[in-house]
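K.L.:
Please read through the structure below; I'll follow up with questions.
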Amino acid sequence: MRWRIHEEQEVWGNPWLSVRRLDVEQPDGHRVDYHAVRLADVAATVVTDAESRVLLMWRHRFLTDTWAWELPMGIVEAGEAPIDAAAREVEEETGWRPGPLTDLIQSQPGAGIMDAVHHVFRASSATRIGEPTERNESDRIEWIPLTDVPAMIANGEIVSGITLVGLQQALLLR
């Protein structure tokens, strides 16, 4: 049941996003014009501490005009390893330097129409190094008890896909 791409062209793009037009052959031999989005990879980190709290950011997302708690995250820059991007984003967005990072989980949030790997790492410690250098990311940065996370998800206080995937995996592995 493999689909085959015969041709792919960029319709519009920038360094982080590319809208693509594809000539695709379906398993039954029928060819279709297909559109997809290829995004730069994203890296996030679940940072916990000795008190079983997780470092979260209260953020406004202007596109959906919503507020919610999220993990520190960001685009993996060209030539950058995802683990390095994850550590950099924690520091820039929170002012905390994470301890050693380990792989937690990866996901593809919309594999039928979008190609974007979401890399989630885990750190079990962090050191305060100062104020966040990225000042446009969040209103509040807090250490939230992991035991509060399921209720926060149920109440719609955590809605970001990469945040949900990372936190739920961290809770499963506790």
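Ligands are numbered from 1 in the order shown, residues from 1 within each chain, and chains are lettered A, B, ... in the order they appear in the structure tokens.
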Using 12 Å as the limit and counting only C-alpha atoms, can you tabulate each residue of stretch 23-67 of chain A that touches stretch 90-103 of chain A, with its shortest atom-to-atom distance in Å and the two atoms involved, as JSON lines?
P.N.:
{"residue": "A:Ala43", "atom": "CA", "partner": "A:Val90", "partner_atom": "CA", "distance": 9.9}
{"residue": "A:Ala44", "atom": "CA", "partner": "A:Val90", "partner_atom": "CA", "distance": 8.0}
{"residue": "A:Thr45", "atom": "CA", "partner": "A:Val90", "partner_atom": "CA", "distance": 7.1}
{"residue": "A:Val46", "atom": "CA", "partner": "A:Leu101", "partner_atom": "CA", "distance": 9.3}
{"residue": "A:Val47", "atom": "CA", "partner": "A:Pro98", "partner_atom": "CA", "distance": 6.8}
{"residue": "A:Thr48", "atom": "CA", "partner": "A:Pro98", "partner_atom": "CA", "distance": 9.1}
{"residue": "A:Asp49", "atom": "CA", "partner": "A:Gly99", "partner_atom": "CA", "distance": 9.9}
{"residue": "A:Val54", "atom": "CA", "partner": "A:Pro98", "partner_atom": "CA", "distance": 11.7}
{"residue": "A:Leu55", "atom": "CA", "partner": "A:Thr94", "partner_atom": "CA", "distance": 8.5}
{"residue": "A:Leu56", "atom": "CA", "partner": "A:Thr94", "partner_atom": "CA", "distance": 8.7}
{"residue": "A:Met57", "atom": "CA", "partner": "A:Thr94", "partner_atom": "CA", "distance": 7.8}
{"residue": "A:Trp58", "atom": "CA", "partner": "A:Thr94", "partner_atom": "CA", "distance": 10.9}
{"residue": "A:Arg59", "atom": "CA", "partner": "A:Glu93", "partner_atom": "CA", "distance": 11.0}
K.L.:
Can you pull out every residue within 8 Å of A:Glu8, counting only C-alpha atoms, but drop anything in the same chain fewer than 4 positions away, and send it as a list of chain:residue names?
P.N.:
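Residues meeting the cut-off are A:Arg20, A:Arg21, A:Leu22, A:Asp23.
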K.L.:
Using the selection just defined, write its residues with N, CA, C and O atoms as an mmCIF file, in the first residue's frame.
P.N.:
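Writing done, so here's result.cif:
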data_model
loop_
_atom_site.group_PDB
_atom_site.id
_atom_site.type_symbol
_atom_site.label_atom_id
_atom_site.label_comp_id
_atom_site.auth_asym_id
_atom_site.auth_seq_id
_atom_site.Cartn_x
_atom_site.Cartn_y
_atom_site.Cartn_z
ATOM 1 N N ARG A 20 4.237 22.399 -0.672
ATOM 2 C CA ARG A 20 4.694 21.582 -1.788
ATOM 3 C C ARG A 20 3.528 21.081 -2.632
ATOM 4 O O ARG A 20 2.440 20.841 -2.120
ATOM 5 N N ARG A 21 3.769 20.928 -3.931
ATOM 6 C CA ARG A 21 2.827 20.288 -4.845
ATOM 7 C C ARG A 21 3.488 18.998 -5.317
ATOM 8 O O ARG A 21 4.626 19.007 -5.791
ATOM 9 N N LEU A 22 2.764 17.891 -5.171
ATOM 10 C CA LEU A 22 3.325 16.586 -5.484
ATOM 11 C C LEU A 22 2.468 15.860 -6.511
ATOM 12 O O LEU A 22 1.241 15.937 -6.469
ATOM 13 N N ASP A 23 3.131 15.171 -7.426
ATOM 14 C CA ASP A 23 2.481 14.232 -8.352
ATOM 15 C C ASP A 23 2.653 12.864 -7.708
ATOM 16 O O ASP A 23 3.761 12.334 -7.634
#
K.L.:
Which residue gives the smallest distance to A:Ser125 among A:His35, A:Arg53, A:Arg4, A:Arg174, with only C-alpha atoms counted?
P.N.:
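The shortest atom-to-atom distance to A:Ser125 comes from A:Arg53.
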K.L.:
Among chain A, which residues does DSSP mark as strand (DSSP E or B) when it is run on the backbone? Keep the chain and numbering as in the structure and answer as an MDAnalysis selection string.
P.N.:
chainID A and resid 4:13 17:25 31:39 42:48 53:61 66:70 73:75 96:98 102:107 114:115 118:123 126:128 140:145
